[in-house]
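Just model-v3.pdb here, PDB, C-alpha atoms:
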```pdb
ATOM      1  CA  MET A  14      -5.556  52.250  20.530
ATOM      2  CA  ASP A  15      -8.284  54.775  19.899
ATOM      3  CA  LEU A  16     -11.127  54.765  17.374
ATOM      4  CA  SER A  17      -9.152  56.570  14.640
ATOM      5  CA  GLU A  18      -6.337  54.016  14.733
ATOM      6  CA  PHE A  19      -8.816  51.130  14.445
ATOM      7  CA  THR A  20     -10.517  52.909  11.534
ATOM      8  CA  ALA A  21      -7.170  53.401   9.775
ATOM      9  CA  ASN A  22      -6.279  49.704  10.239
ATOM     10  CA  TYR A  23      -9.651  48.447   9.024
ATOM     11  CA  SER A  24      -9.571  50.686   5.940
ATOM     12  CA  GLN A  25      -6.498  48.744   4.736
ATOM     13  CA  LEU A  26      -8.150  45.315   5.054
ATOM     14  CA  GLY A  27     -10.007  43.510   2.289
ATOM     15  CA  ASP A  28     -13.757  42.903   2.268
ATOM     16  CA  ASP A  29     -13.461  39.220   3.205
ATOM     17  CA  GLN A  30     -11.115  40.028   6.076
ATOM     18  CA  LEU A  31     -13.559  42.592   7.427
ATOM     19  CA  LEU A  32     -16.414  40.090   7.260
ATOM     20  CA  CYS A  33     -14.300  37.480   9.059
ATOM     21  CA  LEU A  34     -13.602  40.013  11.790
ATOM     22  CA  TRP A  35     -17.309  40.847  11.976
ATOM     23  CA  ALA A  36     -18.087  37.168  12.592
ATOM     24  CA  ASP A  37     -15.729  37.362  15.617
ATOM     25  CA  ARG A  38     -16.816  40.823  16.762
ATOM     26  CA  ASN A  39     -17.610  39.589  20.292
ATOM     27  CA  ALA A  40     -13.858  39.153  20.892
ATOM     28  CA  LEU A  41     -13.111  42.782  19.954
ATOM     29  CA  VAL A  42     -12.896  45.746  22.294
ATOM     30  CA  PRO A  43     -15.843  48.195  21.932
ATOM     31  CA  GLU A  44     -13.823  50.823  20.016
ATOM     32  CA  ALA A  45     -12.646  48.194  17.502
ATOM     33  CA  ALA A  46     -16.185  46.877  17.027
ATOM     34  CA  MET A  47     -17.479  50.412  16.390
ATOM     35  CA  ALA A  48     -14.717  51.127  13.858
ATOM     36  CA  LEU A  49     -15.347  47.791  12.157
ATOM     37  CA  ASN A  50     -19.094  48.452  11.957
ATOM     38  CA  SER A  51     -18.551  51.886  10.404
ATOM     39  CA  GLU A  52     -16.055  50.505   7.846
ATOM     40  CA  ILE A  53     -18.451  47.708   6.825
ATOM     41  CA  GLN A  54     -21.285  50.256   6.417
ATOM     42  CA  ARG A  55     -19.008  52.615   4.451
ATOM     43  CA  ARG A  56     -18.168  49.821   1.977
ATOM     44  CA  GLY A  57     -21.761  48.609   1.785
ATOM     45  CA  LEU A  58     -20.968  45.024   2.800
ATOM     46  CA  LYS A  59     -23.690  42.637   3.944
ATOM     47  CA  LYS A  60     -23.178  41.565   7.540
ATOM     48  CA  GLU A  61     -25.264  38.435   6.898
ATOM     49  CA  ASN A  62     -22.407  37.024   4.786
ATOM     50  CA  ALA A  63     -19.930  37.257   7.663
ATOM     51  CA  GLU A  64     -20.500  33.732   9.035
ATOM     52  CA  ARG A  65     -20.333  32.118   5.596
ATOM     53  CA  THR A  66     -17.147  34.033   4.721
ATOM     54  CA  LYS A  67     -15.518  33.090   8.041
ATOM     55  CA  LYS A  68     -16.440  29.436   7.544
ATOM     56  CA  ARG A  69     -14.942  29.481   4.018
ATOM     57  CA  PHE A  70     -11.707  31.071   5.278
ATOM     58  CA  ASP A  71     -11.455  28.556   8.131
ATOM     59  CA  THR A  72     -11.944  25.663   5.693
ATOM     60  CA  LEU A  73      -9.223  27.006   3.395
ATOM     61  CA  ALA A  74      -6.844  27.523   6.328
ATOM     62  CA  ALA A  75      -7.438  23.972   7.543
ATOM     63  CA  ARG A  76      -6.792  22.622   4.032
ATOM     64  CA  GLU A  77      -3.541  24.603   3.720
ATOM     65  CA  LYS A  78      -2.425  23.354   7.128
ATOM     66  CA  LYS A  79      -2.667  19.737   5.905
ATOM     67  CA  GLY A  80      -0.300  20.459   3.016
ATOM     68  CA  PRO A  81      -0.559  20.244  -0.770
ATOM     69  CA  LEU A  82      -3.524  18.341  -2.177
ATOM     70  CA  GLY A  83      -1.283  15.862  -4.026
ATOM     71  CA  LYS A  84       0.359  14.771  -0.785
ATOM     72  CA  GLN A  85      -3.022  14.473   0.935
ATOM     73  CA  VAL A  86      -4.305  12.198  -1.836
ATOM     74  CA  ALA A  87      -1.157  10.044  -1.798
ATOM     75  CA  THR A  88      -1.306   9.693   1.996
ATOM     76  CA  ALA A  89      -4.996   8.756   1.911
ATOM     77  CA  LYS A  90      -4.368   6.159  -0.829
ATOM     78  CA  TYR A  91      -1.489   4.650   1.152
ATOM     79  CA  GLU A  92      -3.591   4.441   4.328
ATOM     80  CA  ARG A  93      -6.487   2.869   2.406
ATOM     81  CA  ASP A  94      -4.161   0.296   0.833
ATOM     82  CA  MET A  95      -2.680  -0.544   4.239
ATOM     83  CA  ARG A  96      -6.150  -1.083   5.741
ATOM     84  CA  HIS A  97      -7.484  -3.294   2.971
ATOM     85  CA  PHE A  98      -4.594  -5.370   1.695
ATOM     86  CA  VAL A  99      -4.668  -9.123   2.123
ATOM     87  CA  GLY A 100      -2.295 -11.438   0.312
ATOM     88  CA  TRP A 101       1.362 -11.723  -0.371
ATOM     89  CA  GLN A 102       1.620  -8.486  -2.400
ATOM     90  CA  GLU A 103       2.757  -5.679  -0.171
ATOM     91  CA  PRO A 104       1.206  -2.191  -0.552
ATOM     92  CA  GLU A 105       3.454   0.346  -2.209
ATOM     93  CA  PHE A 106       5.554   2.358   0.248
ATOM     94  CA  TYR A 107       4.770   6.067   0.457
ATOM     95  CA  SER A 108       6.654   8.753   2.359
ATOM     96  CA  PRO A 109       5.642  12.406   2.724
ATOM     97  CA  TYR A 110       9.314  13.411   2.914
ATOM     98  CA  GLY A 111      11.765  14.023   0.097
ATOM     99  CA  ALA A 112      13.920  11.250  -1.335
ATOM    100  CA  ARG A 113      17.057  12.337   0.538
ATOM    101  CA  ASP A 114      15.434  12.718   3.955
ATOM    102  CA  ILE A 115      16.724  10.407   6.711
ATOM    103  CA  ARG A 116      13.203  10.151   8.140
ATOM    104  CA  ASN A 117      12.331   7.866   5.204
ATOM    105  CA  THR A 118      14.389   5.107   6.847
ATOM    106  CA  PHE A 119      12.268   5.197   9.981
ATOM    107  CA  ILE A 120       9.042   5.411   8.007
ATOM    108  CA  LEU A 121      10.123   2.392   5.907
ATOM    109  CA  VAL A 122      10.698   0.328   9.060
ATOM    110  CA  ARG A 123       7.274   1.443  10.335
ATOM    111  CA  HIS A 124       5.754   0.457   6.988
ATOM    112  CA  LYS A 125       7.340  -3.007   7.197
ATOM    113  CA  TYR A 126       6.060  -3.437  10.738
ATOM    114  CA  ARG A 127       2.532  -2.474   9.664
ATOM    115  CA  VAL A 128       2.684  -5.005   6.817
ATOM    116  CA  TRP A 129       3.883  -7.741   9.179
ATOM    117  CA  LYS A 130       1.219  -6.789  11.736
ATOM    118  CA  ALA A 131      -1.486  -6.937   9.057
ATOM    119  CA  PHE A 132      -0.239 -10.449   8.197
ATOM    120  CA  ARG A 133      -0.477 -11.412  11.861
ATOM    121  CA  ASP A 134      -3.965  -9.921  12.157
ATOM    122  CA  HIS A 135      -5.076 -11.899   9.109
ATOM    123  CA  THR A 136      -3.436 -15.265   9.872
ATOM    124  CA  GLY A 137      -2.790 -15.192  13.615
ATOM    125  CA  HIS A 138       0.974 -15.705  13.070
ATOM    126  CA  TRP A 139       3.895 -13.376  12.483
ATOM    127  CA  PRO A 140       5.600 -13.759   9.054
ATOM    128  CA  ILE A 141       8.798 -15.168  10.570
ATOM    129  CA  PHE A 142      10.490 -15.955   7.230
ATOM    130  CA  SER A 143       9.848 -12.459   5.872
ATOM    131  CA  ILE A 144      11.114 -10.783   9.035
ATOM    132  CA  TRP A 145      14.299 -12.848   9.141
ATOM    133  CA  PHE A 146      14.930 -12.444   5.427
ATOM    134  CA  TYR A 147      14.443  -8.680   5.610
ATOM    135  CA  PHE A 148      17.058  -8.125   8.318
ATOM    136  CA  LEU A 149      19.525 -10.815   7.183
ATOM    137  CA  SER A 150      19.457  -9.628   3.570
ATOM    138  CA  TRP A 151      20.227  -6.036   4.597
ATOM    139  CA  MET A 152      23.081  -7.303   6.791
ATOM    140  CA  ALA A 153      24.427  -9.273   3.805
ATOM    141  CA  VAL A 154      24.281  -6.237   1.495
ATOM    142  CA  PHE A 155      26.019  -3.970   4.017
ATOM    143  CA  GLY A 156      28.535  -6.678   4.904
ATOM    144  CA  PHE A 157      29.474  -7.252   1.263
ATOM    145  CA  ALA A 158      29.757  -3.520   0.573
ATOM    146  CA  LEU A 159      31.891  -3.006   3.682
ATOM    147  CA  ALA A 160      34.194  -5.942   2.840
ATOM    148  CA  ALA A 161      34.584  -4.749  -0.736
ATOM    149  CA  PHE A 162      35.460  -1.204   0.257
ATOM    150  CA  ILE A 163      37.948  -2.462   2.868
ATOM    151  CA  CYS A 164      39.661  -4.578   0.207
ATOM    152  CA  ILE A 165      39.759  -1.615  -2.161
ATOM    153  CA  GLU A 166      41.192   0.635   0.587
ATOM    154  CA  GLU A 167      43.926  -1.881   1.436
ATOM    155  CA  GLY A 168      44.906  -2.029  -2.211
ATOM    156  CA  LYS A 169      44.095  -5.697  -2.756
ATOM    157  CA  TRP A 170      41.804  -4.704  -5.591
ATOM    158  CA  ALA A 171      43.075  -1.789  -7.637
ATOM    159  CA  GLY A 172      41.631  -0.020 -10.627
ATOM    160  CA  THR A 173      38.448   1.670 -11.669
ATOM    161  CA  TRP A 174      36.951  -1.515 -13.111
ATOM    162  CA  THR A 175      37.125  -3.109  -9.693
ATOM    163  CA  ILE A 176      35.110  -0.280  -8.189
ATOM    164  CA  VAL A 177      32.572  -0.542 -11.025
ATOM    165  CA  ALA A 178      32.347  -4.313 -10.456
ATOM    166  CA  VAL A 179      31.784  -3.842  -6.713
ATOM    167  CA  ILE A 180      29.043  -1.270  -7.296
ATOM    168  CA  GLY A 181      27.479  -3.598  -9.872
ATOM    169  CA  CYS A 182      27.556  -6.498  -7.397
ATOM    170  CA  VAL A 183      25.895  -4.369  -4.713
ATOM    171  CA  LEU A 184      23.147  -3.387  -7.171
ATOM    172  CA  VAL A 185      22.647  -7.032  -8.162
ATOM    173  CA  LEU A 186      22.446  -7.957  -4.468
ATOM    174  CA  LEU A 187      19.791  -5.295  -3.908
ATOM    175  CA  GLY A 188      17.754  -6.624  -6.840
ATOM    176  CA  ALA A 189      18.142 -10.213  -5.612
ATOM    177  CA  ARG A 190      17.110  -9.059  -2.154
ATOM    178  CA  GLU A 191      13.870  -7.577  -3.499
ATOM    179  CA  LEU A 192      13.088 -10.685  -5.557
ATOM    180  CA  GLY A 193      13.890 -12.916  -2.575
ATOM    181  CA  ALA A 194      11.645 -10.813  -0.334
ATOM    182  CA  ARG A 195       8.717 -11.393  -2.716
ATOM    183  CA  LEU A 196       9.340 -15.128  -2.795
ATOM    184  CA  ILE A 197       9.630 -15.299   1.004
ATOM    185  CA  ARG A 198       6.348 -13.356   1.379
ATOM    186  CA  LYS A 199       4.687 -15.909  -0.886
ATOM    187  CA  LEU A 200       6.174 -18.699   1.223
ATOM    188  CA  ASP A 201       4.801 -17.139   4.415
ATOM    189  CA  TRP A 202       1.327 -16.846   2.883
ATOM    190  CA  LYS A 203       1.386 -20.437   1.607
ATOM    191  CA  ARG A 204       2.571 -21.680   4.987
ATOM    192  CA  PHE A 205      -0.280 -20.139   6.990
ATOM    193  CA  CYS A 206      -3.088 -19.614   4.477
ATOM    194  CA  ALA A 207      -3.005 -22.822   2.444
TER     195      ALA A 207
END
```

How does the structure come out when it is put into structure tokens?
Amino acid sequence: MDLSEFTANYSQLGDDQLLCLWADRNALVPEAAMALNSEIQRRGLKKENAERTKKRFDTLAAREKKGPLGKQVATAKYERDMRHFVGWQEPEFYSPYGARDIRNTFILVRHKYRVWKAFRDHTGHWPIFSIWFYFLSWMAVFGFALAAFICIEEGKWAGTWTIVAVIGCVLVLLGARELGARLIRKLDWKRFCA
């Protein structure tokens, strides 16, 4: 590219963009640096502001790269809660992904592991009851749901009320599983911290 092409390109840029380029002028070819200098002089911009403008743009770019501010705050709160929690109450689970994303399953297992590891770091023992209850209760919920749907498929249970009853039972099992998990966590804490 020659000097006129650089001049044409720089005339289309905004003031802040020109100042950011001026801060990085050492990386430009001589013709580009000359065209940039003449465009900055033509607009009457202060070259002293170039470093400050570049730093501001870099800060904004780094902030945008991290994602929306709401997600950054939620992630920081979750990490703080995970570092500082002690006791039977588990920190609230947070996932940066949407509700229907399969990655939530893996992040939930990682969250559980971090909670169990924090228990071990605090007491010196793994929360055996909580770990067993977590996996056995999920196997019970899936086993019941699978058995119920097999019976419905084979025609042993017919009718819409049967399907509603099965879904209701699965929801009750999930609620009982959560309540049982809290009680088992309390039992683990009493066992090792009393």

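When all atoms listed in the file are used to measure the gap to Gly57 of chain A, the shortest distance among A:Met152, A:Ala36, A:Met95, A:Leu31 belongs to A:Leu31.
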
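Matched in the shown structure by the PyMOL selection byres ((chain A and resi 154) around 12): Phe146, Tyr147, Phe148, Leu149, Ser150, Trp151, Met152, Ala153, Phe155, Gly156, Phe157, Ala158, Leu159, Ala160, Ala161, Val179, Ile180, Cys182, Val183, Leu184, Val185, Leu186, Leu187, Gly188, Ala189, Arg190 and Glu191 of chain A.
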
Picked residues, the PyMOL selection byres ((chain A and resi 33) around 9), expected as a list in words
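When the PyMOL selection byres ((chain A and resi 33) around 9) is applied, the selected residues are Asp28, Asp29, Gln30, Leu31, Leu32, Leu34, Trp35, Ala36, Asp37, Arg38, Ala63, Glu64, Arg65, Thr66, Lys67, Lys68 and Phe70 of chain A.
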
Residues just named, written with C-alpha atoms as a short mmCIF file (atom, residue, chain, number, x, y, z; two decimals), keeping the file's coordinate frame:
```
data_model
loop_
_atom_site.label_atom_id
_atom_site.label_comp_id
_atom_site.auth_asym_id
_atom_site.auth_seq_id
_atom_site.Cartn_x
_atom_site.Cartn_y
_atom_site.Cartn_z
CA ASP A 28 -13.76 42.90 2.27
CA ASP A 29 -13.46 39.22 3.20
CA GLN A 30 -11.12 40.03 6.08
CA LEU A 31 -13.56 42.59 7.43
CA LEU A 32 -16.41 40.09 7.26
CA LEU A 34 -13.60 40.01 11.79
CA TRP A 35 -17.31 40.85 11.98
CA ALA A 36 -18.09 37.17 12.59
CA ASP A 37 -15.73 37.36 15.62
CA ARG A 38 -16.82 40.82 16.76
CA ALA A 63 -19.93 37.26 7.66
CA GLU A 64 -20.50 33.73 9.04
CA ARG A 65 -20.33 32.12 5.60
CA THR A 66 -17.15 34.03 4.72
CA LYS A 67 -15.52 33.09 8.04
CA LYS A 68 -16.44 29.44 7.54
CA PHE A 70 -11.71 31.07 5.28
#
```

Provide the atom CA of Pro109 of chain A to atom CA of Lys84 of chain A distance in Å, to one decimal place.
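Interatomic distance here is 6.8 Å.
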
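The gap separating atom CA of Glu77 of chain A from atom CA of Lys59 of chain A is 27.0 Å, in Å to one decimal.
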
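With all atoms listed in the file as the basis for measurement, A:Glu103 is the residue among A:Glu166, A:Glu103, A:Asp134, A:Asp71 that approaches Ile197 of chain A most closely.
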
What does the distance between atom CA of Val86 of chain A and atom CA of Thr118 of chain A come to in Å, to one decimal place?
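Calculated distance between atom CA of Val86 of chain A and atom CA of Thr118 of chain A is 21.8 Å.
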
Once 6 Å is added on each side, what centre and edge lengths in Å to one decimal does the axis-aligned box around all listed atoms of segment 158-162 of chain A have, as lines of an AutoDock Vina configuration file?
```
center_x = 32.6
center_y = -3.6
center_z = 1.5
size_x = 17.7
size_y = 16.7
size_z = 16.4
```

Identify all residues satisfying the PyMOL selection byres ((chain A and resi 52) around 10) in the given file; provide them as a PyMOL selection string.
chain A and resi 19-21+23-24+26+28+31+46-51+53-58

When distances are computed from only C-alpha atoms, which of A:Phe142, A:Val99, A:Lys130, A:Val42 shows the smallest separation from Gly193 of chain A?
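Among the listed residues, the smallest separation from Gly193 of chain A belongs to A:Phe142.
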
Would you kindly identify which residues have an atom no farther than 10 Å from (-2.6, -6.8, 11.6), using all atoms listed in the file and the file's own coordinates, and write them out as a PyMOL selection string?
chain A and resi 95-96+99+126-139

For the point (7.0, -16.4, -2.5) in the file's frame, write as a list in words all residues with an atom no more than 12 Å away, counting only C-alpha atoms.
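In the file's frame, the residues around the point are Gly100, Trp101, Gln102, Glu103, Pro140, Phe142, Ser143, Phe146, Glu191, Leu192, Gly193, Ala194, Arg195, Leu196, Ile197, Arg198, Lys199, Leu200, Asp201, Trp202, Lys203 and Arg204 of chain A.
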
Can you put N, CA, C and O atoms back into segment 24-44 of chain A and show it as a compact mmCIF listing (two decimals), in the frame of the given file?
```txt
# COMPACT_ATOMS: atom_id res chain seq x y z
N SER A 24 -9.45 50.17 7.31
CA SER A 24 -9.57 50.69 5.94
C SER A 24 -8.57 50.01 5.00
O SER A 24 -8.76 50.00 3.79
N GLN A 25 -7.52 49.43 5.55
CA GLN A 25 -6.50 48.74 4.74
C GLN A 25 -6.83 47.28 4.49
O GLN A 25 -6.20 46.63 3.67
N LEU A 26 -7.80 46.72 5.20
CA LEU A 26 -8.15 45.32 5.05
C LEU A 26 -9.09 45.09 3.88
O LEU A 26 -9.82 46.00 3.46
N GLY A 27 -9.11 43.88 3.37
CA GLY A 27 -10.01 43.51 2.29
C GLY A 27 -11.41 43.24 2.82
O GLY A 27 -11.62 43.10 4.03
N ASP A 28 -12.35 43.12 1.89
CA ASP A 28 -13.76 42.90 2.27
C ASP A 28 -13.92 41.59 3.04
O ASP A 28 -14.62 41.55 4.05
N ASP A 29 -13.32 40.51 2.54
CA ASP A 29 -13.46 39.22 3.20
C ASP A 29 -12.85 39.23 4.61
O ASP A 29 -13.41 38.64 5.54
N GLN A 30 -11.74 39.94 4.75
CA GLN A 30 -11.12 40.03 6.08
C GLN A 30 -12.01 40.79 7.05
O GLN A 30 -12.13 40.42 8.22
N LEU A 31 -12.64 41.83 6.57
CA LEU A 31 -13.56 42.59 7.43
C LEU A 31 -14.74 41.73 7.85
O LEU A 31 -15.16 41.75 9.02
N LEU A 32 -15.28 40.94 6.92
CA LEU A 32 -16.41 40.09 7.26
C LEU A 32 -16.01 38.99 8.24
O LEU A 32 -16.78 38.62 9.13
N CYS A 33 -14.79 38.48 8.09
CA CYS A 33 -14.30 37.48 9.06
C CYS A 33 -14.18 38.10 10.45
O CYS A 33 -14.52 37.46 11.45
N LEU A 34 -13.69 39.32 10.50
CA LEU A 34 -13.60 40.01 11.79
C LEU A 34 -14.99 40.27 12.37
O LEU A 34 -15.20 40.17 13.58
N TRP A 35 -15.96 40.59 11.49
CA TRP A 35 -17.31 40.85 11.98
C TRP A 35 -17.91 39.58 12.60
O TRP A 35 -18.66 39.66 13.57
N ALA A 36 -17.58 38.43 12.04
CA ALA A 36 -18.09 37.17 12.59
C ALA A 36 -17.53 36.94 14.00
O ALA A 36 -18.18 36.30 14.83
N ASP A 37 -16.34 37.49 14.29
CA ASP A 37 -15.73 37.36 15.62
C ASP A 37 -15.78 38.68 16.40
O ASP A 37 -14.94 38.93 17.25
N ARG A 38 -16.77 39.49 16.14
CA ARG A 38 -16.82 40.82 16.76
C ARG A 38 -16.95 40.77 18.27
O ARG A 38 -16.62 41.73 18.96
N ASN A 39 -17.45 39.69 18.84
CA ASN A 39 -17.61 39.59 20.29
C ASN A 39 -16.26 39.58 21.01
O ASN A 39 -16.18 39.89 22.19
N ALA A 40 -15.19 39.20 20.28
CA ALA A 40 -13.86 39.15 20.89
C ALA A 40 -13.15 40.51 20.81
O ALA A 40 -12.06 40.66 21.37
N LEU A 41 -13.75 41.47 20.13
CA LEU A 41 -13.11 42.78 19.95
C LEU A 41 -13.47 43.73 21.10
O LEU A 41 -14.52 43.60 21.72
N VAL A 42 -12.59 44.69 21.32
CA VAL A 42 -12.90 45.75 22.29
C VAL A 42 -13.97 46.65 21.67
O VAL A 42 -14.11 46.71 20.45
N PRO A 43 -14.73 47.39 22.47
CA PRO A 43 -15.84 48.20 21.93
C PRO A 43 -15.43 49.20 20.85
O PRO A 43 -16.14 49.37 19.86
N GLU A 44 -14.26 49.85 21.03
CA GLU A 44 -13.82 50.82 20.02
C GLU A 44 -13.55 50.13 18.68
O GLU A 44 -13.88 50.65 17.61
```
